[in-house]
file upload.pdb (PDB, C-alpha atoms)
ATOM      1  CA  MET A   9      10.994 -26.104 -56.698
ATOM      2  CA  ARG A  10       7.923 -24.864 -54.895
ATOM      3  CA  LEU A  11       8.924 -26.519 -51.623
ATOM      4  CA  PRO A  12      12.043 -24.382 -50.914
ATOM      5  CA  ARG A  13      10.194 -21.194 -51.878
ATOM      6  CA  LEU A  14       7.383 -22.044 -49.406
ATOM      7  CA  ARG A  15       9.946 -22.642 -46.667
ATOM      8  CA  VAL A  16      11.576 -19.290 -47.366
ATOM      9  CA  LEU A  17       8.196 -17.519 -47.254
ATOM     10  CA  VAL A  18       7.285 -19.218 -43.968
ATOM     11  CA  LEU A  19      10.711 -18.338 -42.526
ATOM     12  CA  VAL A  20      10.379 -14.706 -43.664
ATOM     13  CA  ALA A  21       6.853 -14.514 -42.172
ATOM     14  CA  MET A  22       8.141 -15.890 -38.852
ATOM     15  CA  ILE A  23      11.018 -13.386 -38.788
ATOM     16  CA  VAL A  24       8.672 -10.470 -39.588
ATOM     17  CA  ALA A  25       6.214 -11.583 -36.875
ATOM     18  CA  SER A  26       9.057 -11.927 -34.344
ATOM     19  CA  LEU A  27      10.455  -8.505 -35.232
ATOM     20  CA  ALA A  28       6.989  -6.960 -34.987
ATOM     21  CA  THR A  29       6.488  -8.517 -31.549
ATOM     22  CA  VAL A  30       9.894  -7.343 -30.309
ATOM     23  CA  GLY A  31       9.290  -3.907 -31.828
ATOM     24  CA  TRP A  32       5.934  -3.624 -30.073
ATOM     25  CA  TRP A  33       7.524  -4.742 -26.810
ATOM     26  CA  ILE A  34      10.334  -2.155 -27.107
ATOM     27  CA  PHE A  35       8.561   0.757 -28.810
ATOM     28  CA  GLY A  36       4.917   0.086 -27.953
ATOM     29  CA  PRO A  37       2.972   1.865 -25.253
ATOM     30  CA  PRO A  38       4.670   1.592 -21.843
ATOM     31  CA  GLY A  39       3.099   0.069 -18.797
ATOM     32  CA  VAL A  40       0.797  -2.732 -17.794
ATOM     33  CA  PHE A  41      -2.767  -2.913 -19.072
ATOM     34  CA  VAL A  42      -5.114  -2.599 -16.063
ATOM     35  CA  GLU A  43      -8.807  -2.181 -15.337
ATOM     36  CA  LEU A  44     -10.253  -0.106 -12.510
ATOM     37  CA  THR A  45     -12.127  -2.529 -10.241
ATOM     38  CA  ARG A  46     -12.980  -0.502  -7.137
ATOM     39  CA  ARG A  47     -13.077   3.027  -5.713
ATOM     40  CA  SER A  48     -12.905   3.781  -1.990
ATOM     41  CA  TRP A  49     -12.373   6.696   0.385
ATOM     42  CA  ARG A  50     -11.036   6.912   3.924
ATOM     43  CA  MET A  51     -10.960   9.903   6.259
ATOM     44  CA  GLU A  52      -8.840   9.960   9.390
ATOM     45  CA  ILE A  53      -8.501  12.362  12.296
ATOM     46  CA  VAL A  54      -5.777  12.019  14.916
ATOM     47  CA  VAL A  55      -7.234  12.281  18.427
ATOM     48  CA  GLU A  56      -4.807  13.747  20.958
ATOM     49  CA  ARG A  57      -4.983  13.402  24.748
ATOM     50  CA  LEU A  58      -3.570  15.788  27.358
ATOM     51  CA  LYS A  59      -1.053  13.753  29.367
ATOM     52  CA  PRO A  60       1.539  14.471  32.042
ATOM     53  CA  GLU A  61       5.119  13.919  30.897
ATOM     54  CA  THR A  62       8.395  14.343  32.700
ATOM     55  CA  GLY A  63      11.328  16.215  31.290
ATOM     56  CA  SER A  64      14.475  18.083  32.247
ATOM     57  CA  ASP A  65      15.951  21.414  31.229
ATOM     58  CA  TRP A  66      17.706  24.434  32.632
ATOM     59  CA  CYS A  67      15.432  26.015  35.208
ATOM     60  CA  ASP A  68      15.246  29.340  33.337
ATOM     61  CA  GLU A  69      14.011  27.497  30.172
ATOM     62  CA  LEU A  70      11.106  25.468  31.571
ATOM     63  CA  PRO A  71       7.928  25.110  29.502
ATOM     64  CA  PRO A  72       4.867  27.017  30.674
ATOM     65  CA  GLY A  73       2.782  25.134  33.223
ATOM     66  CA  ALA A  74       5.657  22.939  34.479
ATOM     67  CA  TYR A  75       5.114  21.501  37.976
ATOM     68  CA  ASP A  76       6.676  18.994  40.413
ATOM     69  CA  ILE A  77       9.980  20.745  39.856
ATOM     70  CA  SER A  78      13.157  19.391  41.475
ATOM     71  CA  ARG A  79      16.347  21.435  41.179
ATOM     72  CA  ARG A  80      20.065  20.738  41.287
ATOM     73  CA  VAL A  81      23.134  22.765  40.402
ATOM     74  CA  ALA A  82      25.074  21.432  37.420
ATOM     75  CA  ALA A  83      27.734  22.496  34.940
ATOM     76  CA  ASP A  84      26.625  22.913  31.318
ATOM     77  CA  PRO A  85      28.260  20.100  29.269
ATOM     78  CA  THR A  86      27.765  22.101  26.045
ATOM     79  CA  GLY A  87      29.728  25.075  27.400
ATOM     80  CA  ARG A  88      27.006  27.647  26.634
ATOM     81  CA  ARG A  89      26.846  28.581  30.311
ATOM     82  CA  ALA A  90      30.159  29.568  31.867
ATOM     83  CA  GLU A  91      29.038  29.059  35.468
ATOM     84  CA  PRO A  92      27.193  26.088  36.983
ATOM     85  CA  ALA A  93      23.429  26.733  36.919
ATOM     86  CA  GLU A  94      20.208  25.200  38.193
ATOM     87  CA  HIS A  95      18.998  22.228  36.169
ATOM     88  CA  CYS A  96      15.402  21.078  36.762
ATOM     89  CA  ARG A  97      13.385  17.884  36.397
ATOM     90  CA  TYR A  98       9.695  18.649  35.949
ATOM     91  CA  THR A  99       6.310  17.391  34.865
ATOM     92  CA  ALA A 100       4.209  19.217  32.252
ATOM     93  CA  LEU A 101       0.928  18.543  30.475
ATOM     94  CA  VAL A 102       1.392  17.909  26.737
ATOM     95  CA  TRP A 103      -0.903  16.870  23.881
ATOM     96  CA  ARG A 104       0.057  13.456  22.472
ATOM     97  CA  ARG A 105      -1.488  11.285  19.767
ATOM     98  CA  GLN A 106      -3.764   8.740  21.416
ATOM     99  CA  TRP A 107      -5.739   7.093  18.600
ATOM    100  CA  ILE A 108      -7.070   7.642  15.073
ATOM    101  CA  ALA A 109     -10.762   8.105  14.301
ATOM    102  CA  ARG A 110     -11.583   6.674  10.869
ATOM    103  CA  SER A 111     -14.543   6.613   8.499
ATOM    104  CA  GLU A 112     -14.498   4.859   5.143
ATOM    105  CA  GLY A 113     -16.730   3.904   2.275
ATOM    106  CA  GLY A 114     -17.090   3.681  -1.455
ATOM    107  CA  PRO A 115     -18.709   5.579  -4.300
ATOM    108  CA  GLU A 116     -22.199   4.784  -2.950
ATOM    109  CA  THR A 117     -21.531   6.849   0.202
ATOM    110  CA  THR A 118     -20.598  10.502   0.575
ATOM    111  CA  PRO A 119     -17.133  11.037   2.049
ATOM    112  CA  ASP A 120     -17.559  12.424   5.561
ATOM    113  CA  TRP A 121     -15.236  13.117   8.475
ATOM    114  CA  PRO A 122     -15.617  10.891  11.538
ATOM    115  CA  ARG A 123     -17.198  12.409  14.631
ATOM    116  CA  PRO A 124     -15.470  10.652  17.529
ATOM    117  CA  PRO A 125     -16.654  11.151  21.106
ATOM    118  CA  LEU A 126     -14.033  13.138  23.020
ATOM    119  CA  ARG A 127     -13.251  12.970  26.726
ATOM    120  CA  VAL A 128     -13.518  16.239  28.594
ATOM    121  CA  ALA A 129     -11.620  16.815  31.849
ATOM    122  CA  PRO A 130     -11.626  19.926  34.032
ATOM    123  CA  PRO A 131      -9.366  22.706  32.684
ATOM    124  CA  GLY A 132      -5.712  22.121  33.511
ATOM    125  CA  GLN A 133      -6.269  18.421  34.295
ATOM    126  CA  PRO A 134      -4.956  15.498  32.226
ATOM    127  CA  GLY A 135      -7.352  13.290  30.288
ATOM    128  CA  SER A 136      -9.030  15.743  27.892
ATOM    129  CA  GLU A 137      -9.014  14.871  24.198
ATOM    130  CA  ARG A 138      -8.980  17.073  21.107
ATOM    131  CA  LEU A 139      -9.017  16.612  17.341
ATOM    132  CA  GLY A 140      -5.626  16.840  15.640
ATOM    133  CA  ARG A 141      -4.387  16.418  12.067
ATOM    134  CA  ARG A 142      -6.903  15.384   9.388
ATOM    135  CA  GLU A 143      -6.144  13.310   6.293
ATOM    136  CA  ALA A 144      -8.425  12.247   3.442
ATOM    137  CA  TYR A 145      -7.520   9.365   1.115
ATOM    138  CA  TYR A 146      -9.266   8.677  -2.191
ATOM    139  CA  GLU A 147      -8.123   5.363  -3.627
ATOM    140  CA  ILE A 148      -8.718   3.216  -6.675
ATOM    141  CA  GLU A 149      -7.911  -0.445  -7.133
ATOM    142  CA  LEU A 150      -6.404  -1.544 -10.453
ATOM    143  CA  ARG A 151      -6.177  -5.160 -11.630
ATOM    144  CA  ASP A 152      -4.283  -6.607 -14.591
ATOM    145  CA  ARG A 153      -5.075  -9.729 -16.634
ATOM    146  CA  LYS A 154      -2.918 -11.867 -14.317
ATOM    147  CA  ASP A 155      -4.975 -10.778 -11.251
ATOM    148  CA  SER A 156      -2.188  -8.585  -9.856
ATOM    149  CA  THR A 157      -3.669  -5.592  -8.035
ATOM    150  CA  TRP A 158      -2.433  -2.110  -7.207
ATOM    151  CA  THR A 159      -4.008   0.581  -5.062
ATOM    152  CA  CYS A 160      -3.451   4.156  -6.184
ATOM    153  CA  ARG A 161      -4.281   7.379  -4.359
ATOM    154  CA  VAL A 162      -5.817  10.153  -6.417
ATOM    155  CA  ASP A 163      -7.280  13.551  -5.619
ATOM    156  CA  LEU A 164     -11.015  13.988  -5.006
ATOM    157  CA  GLU A 165     -11.795  15.463  -8.434
ATOM    158  CA  ARG A 166     -10.054  12.628 -10.263
ATOM    159  CA  TRP A 167     -11.698  10.054  -7.936
ATOM    160  CA  LYS A 168     -15.159  11.411  -8.833
ATOM    161  CA  GLN A 169     -14.432  11.082 -12.575
ATOM    162  CA  LEU A 170     -13.238   7.473 -12.482
ATOM    163  CA  ARG A 171     -15.610   4.504 -12.825
ATOM    164  CA  PRO A 172     -15.135   0.748 -12.456
ATOM    165  CA  GLY A 173     -14.450  -0.877 -15.828
ATOM    166  CA  MET A 174     -12.286   1.973 -17.113
ATOM    167  CA  ARG A 175      -9.031   0.759 -18.670
ATOM    168  CA  PHE A 176      -5.566   2.237 -18.248
ATOM    169  CA  ARG A 177      -1.905   1.593 -18.738
ATOM    170  CA  VAL A 178       0.240   2.117 -15.675
ATOM    171  CA  PRO A 179       4.052   1.898 -15.578
ATOM    172  CA  VAL A 180       5.225  -0.806 -13.143
ATOM    173  CA  ASP A 181       8.858  -1.085 -12.068
ATOM    174  CA  ARG A 182      10.791  -4.325 -11.736
ATOM    175  CA  PHE A 183       9.773  -4.574  -8.062
ATOM    176  CA  GLY A 184       6.080  -4.514  -8.969
ATOM    177  CA  THR A 185       5.420  -0.945  -7.787
ATOM    178  CA  ALA A 186       2.961   1.014  -9.937
ATOM    179  CA  ASP A 187       3.759   4.618 -10.871
ATOM    180  CA  CYS A 188       0.182   5.835 -10.375
ATOM    181  CA  PRO A 189       0.700   9.523 -11.345
ATOM    182  CA  ARG A 190       1.846   8.369 -14.819
ATOM    183  CA  MET A 191      -1.275   6.230 -15.406
ATOM    184  CA  TYR A 192      -3.037   7.040 -18.690
ATOM    185  CA  PRO A 193      -6.212   5.808 -20.447
ATOM    186  CA  SER A 194      -5.911   2.834 -22.785
ATOM    187  CA  GLU A 195      -8.379   1.357 -25.261
ATOM    188  CA  LEU A 196      -6.667  -2.047 -25.435
TER     189      LEU A 196
END

call {"tool": "encode", "arguments": {"input": "upload.pdb", "output": "structure tokens"}}
result
Amino acid sequence: MRLPRLRVLVLVAMIVASLATVGWWIFGPPGVFVELTRRSWRMEIVVERLKPETGSDWCDELPPGAYDISRRVAADPTGRRAEPAEHCRYTALVWRRQWIARSEGGPETTPDWPRPPLRVAPPGQPGSERLGRREAYYEIELRDRKDSTWTCRVDLERWKQLRPGMRFRVPVDRFGTADCPRMYPSEL
């Protein structure tokens, strides 16, 4: 009689263990267990160059500094002008993105903006360069137990607080994209 009772106890133990596992999977903490493996920073500045560009517009709406103007009389296809008016083709100097100056490093270096050499041309001549939009990126690399990695951007204050070896849980969608803003510390 002991044999059937032992089987029942083993079966009950297996059911309880399975239910506990499923319960943990459904109701346990969300996200993937990850460890912070690396911190890095990158600072970028767009460098713009003054370049000649051609364009066309109504002659009374030309941009300042337009030159090499050729005129012709044309009807307005939009109907804003009742009478035919002068339409111009022109050249004007405009600032356009030329390249990106970049500096990067890790926690052992102080984040610093790049200092690119800029071309200087005589005033009103094409070829001069200037600094444009600036962007700073503070990133951390997270790795799970299966060696999957994610890179998350954080603000500078948070980046300074984080250290390699810290453990977190981060929600990951079915496409493998981490929801970094919802990352939270984990002791597991």

call {"tool": "closest_atom_pairs", "arguments": {"input": "upload.pdb", "of": "region 22-76 of chain A", "to": "region 143-152 of chain A", "cutoff": "7 Å", "atoms": "all atoms listed in the file", "output": "CSV"}}
result
residue,atom,partner,partner_atom,distance
A:Phe41,CA,A:Asp152,CA,6.0
A:Val42,CA,A:Asp152,CA,4.3
A:Glu43,CA,A:Arg151,CA,5.4
A:Leu44,CA,A:Leu150,CA,4.6
A:Thr45,CA,A:Glu149,CA,5.6
A:Arg46,CA,A:Glu149,CA,5.1
A:Arg47,CA,A:Ile148,CA,4.5
A:Ser48,CA,A:Glu147,CA,5.3
A:Trp49,CA,A:Tyr146,CA,4.5
A:Arg50,CA,A:Tyr145,CA,5.1
A:Met51,CA,A:Ala144,CA,4.5
A:Glu52,CA,A:Glu143,CA,5.3
A:Ile53,CA,A:Glu143,CA,6.5

call {"tool": "residues_around", "arguments": {"input": "upload.pdb", "residues": "Glu61 (chain A)", "least_positions_apart": "4", "cutoff": "9 Å", "atoms": "all atoms listed in the file", "output": "JSON, numbers by chain"}}
result
{"A": [98, 99, 100, 101, 102]}

call {"tool": "residues_around", "arguments": {"input": "upload.pdb", "residues": "region 133-142 of chain A", "least_positions_apart": "6", "cutoff": "7 Å", "atoms": "all atoms listed in the file", "output": "list in words"}}
result
Glu52, Ile53, Val54, Val55, Glu56, Arg57, Leu58, Lys59, Pro60, Leu101, Leu126 and Arg127 of chain A

call {"tool": "atom_distance", "arguments": {"input": "upload.pdb", "atom1": "CA of Ala186 (chain A)", "atom2": "CA of Asp155 (chain A)"}}
result
14.3 Å

call {"tool": "residues_around", "arguments": {"input": "upload.pdb", "residues": "Pro92 (chain A)", "least_positions_apart": "2", "cutoff": "12 Å", "atoms": "only C-alpha atoms", "output": "PyMOL selection string"}}
result
chain A and resi 66-67+80-90+94-95

call {"tool": "closest_residue", "arguments": {"input": "upload.pdb", "among": "A:Arg190, A:Arg182, A:Lys168, A:Arg15", "to": "Thr118 (chain A)", "atoms": "all atoms listed in the file"}}
result
A:Lys168

call {"tool": "atom_distance", "arguments": {"input": "upload.pdb", "atom1": "CA of Thr159 (chain A)", "atom2": "CA of Trp107 (chain A)"}}
result
24.6 Å

call {"tool": "atom_distance", "arguments": {"input": "upload.pdb", "atom1": "CA of Arg110 (chain A)", "atom2": "CA of Val128 (chain A)"}}
result
20.2 Å

call {"tool": "build_atoms", "arguments": {"input": "upload.pdb", "residues": "region 56-71 of chain A", "atoms": "N, CA, C and O atoms", "output": "compact mmCIF listing (two decimals), in the coordinates of the input"}}
result
# COMPACT_ATOMS: atom_id res chain seq x y z
N GLU A 56 -5.89 13.53 20.01
CA GLU A 56 -4.81 13.75 20.96
C GLU A 56 -5.37 13.83 22.37
O GLU A 56 -6.48 14.31 22.57
N ARG A 57 -4.57 13.35 23.34
CA ARG A 57 -4.98 13.40 24.75
C ARG A 57 -3.95 14.20 25.54
O ARG A 57 -2.76 14.07 25.31
N LEU A 58 -4.44 15.01 26.48
CA LEU A 58 -3.57 15.79 27.36
C LEU A 58 -3.03 14.86 28.44
O LEU A 58 -3.80 14.26 29.19
N LYS A 59 -1.69 14.71 28.46
CA LYS A 59 -1.05 13.75 29.37
C LYS A 59 0.09 14.42 30.12
O LYS A 59 0.77 15.29 29.56
N PRO A 60 0.35 13.97 31.34
CA PRO A 60 1.54 14.47 32.04
C PRO A 60 2.79 13.73 31.54
O PRO A 60 2.76 12.53 31.32
N GLU A 61 3.84 14.50 31.30
CA GLU A 61 5.12 13.92 30.90
C GLU A 61 6.23 14.57 31.69
O GLU A 61 6.17 15.76 31.98
N THR A 62 7.25 13.79 31.99
CA THR A 62 8.40 14.34 32.70
C THR A 62 9.45 14.77 31.70
O THR A 62 9.53 14.25 30.58
N GLY A 63 10.24 15.73 32.13
CA GLY A 63 11.33 16.22 31.29
C GLY A 63 12.37 16.88 32.15
O GLY A 63 12.22 16.98 33.37
N SER A 64 13.45 17.34 31.52
CA SER A 64 14.48 18.08 32.25
C SER A 64 15.03 19.17 31.34
O SER A 64 15.07 19.00 30.11
N ASP A 65 15.41 20.28 31.97
CA ASP A 65 15.95 21.41 31.23
C ASP A 65 16.56 22.37 32.24
O ASP A 65 16.40 22.19 33.44
N TRP A 66 17.21 23.40 31.74
CA TRP A 66 17.71 24.43 32.63
C TRP A 66 16.49 25.14 33.22
O TRP A 66 15.49 25.36 32.55
N CYS A 67 16.60 25.48 34.49
CA CYS A 67 15.43 26.02 35.21
C CYS A 67 14.90 27.31 34.61
O CYS A 67 13.71 27.61 34.73
N ASP A 68 15.75 28.10 33.95
CA ASP A 68 15.25 29.34 33.34
C ASP A 68 14.66 29.10 31.94
O ASP A 68 14.27 30.04 31.26
N GLU A 69 14.57 27.83 31.49
CA GLU A 69 14.01 27.50 30.17
C GLU A 69 12.88 26.49 30.27
O GLU A 69 12.60 25.75 29.31
N LEU A 70 12.18 26.44 31.39
CA LEU A 70 11.11 25.47 31.57
C LEU A 70 9.90 25.82 30.71
O LEU A 70 9.62 27.00 30.48
N PRO A 71 9.15 24.82 30.27
CA PRO A 71 7.93 25.11 29.50
C PRO A 71 6.86 25.71 30.42
O PRO A 71 6.87 25.47 31.62
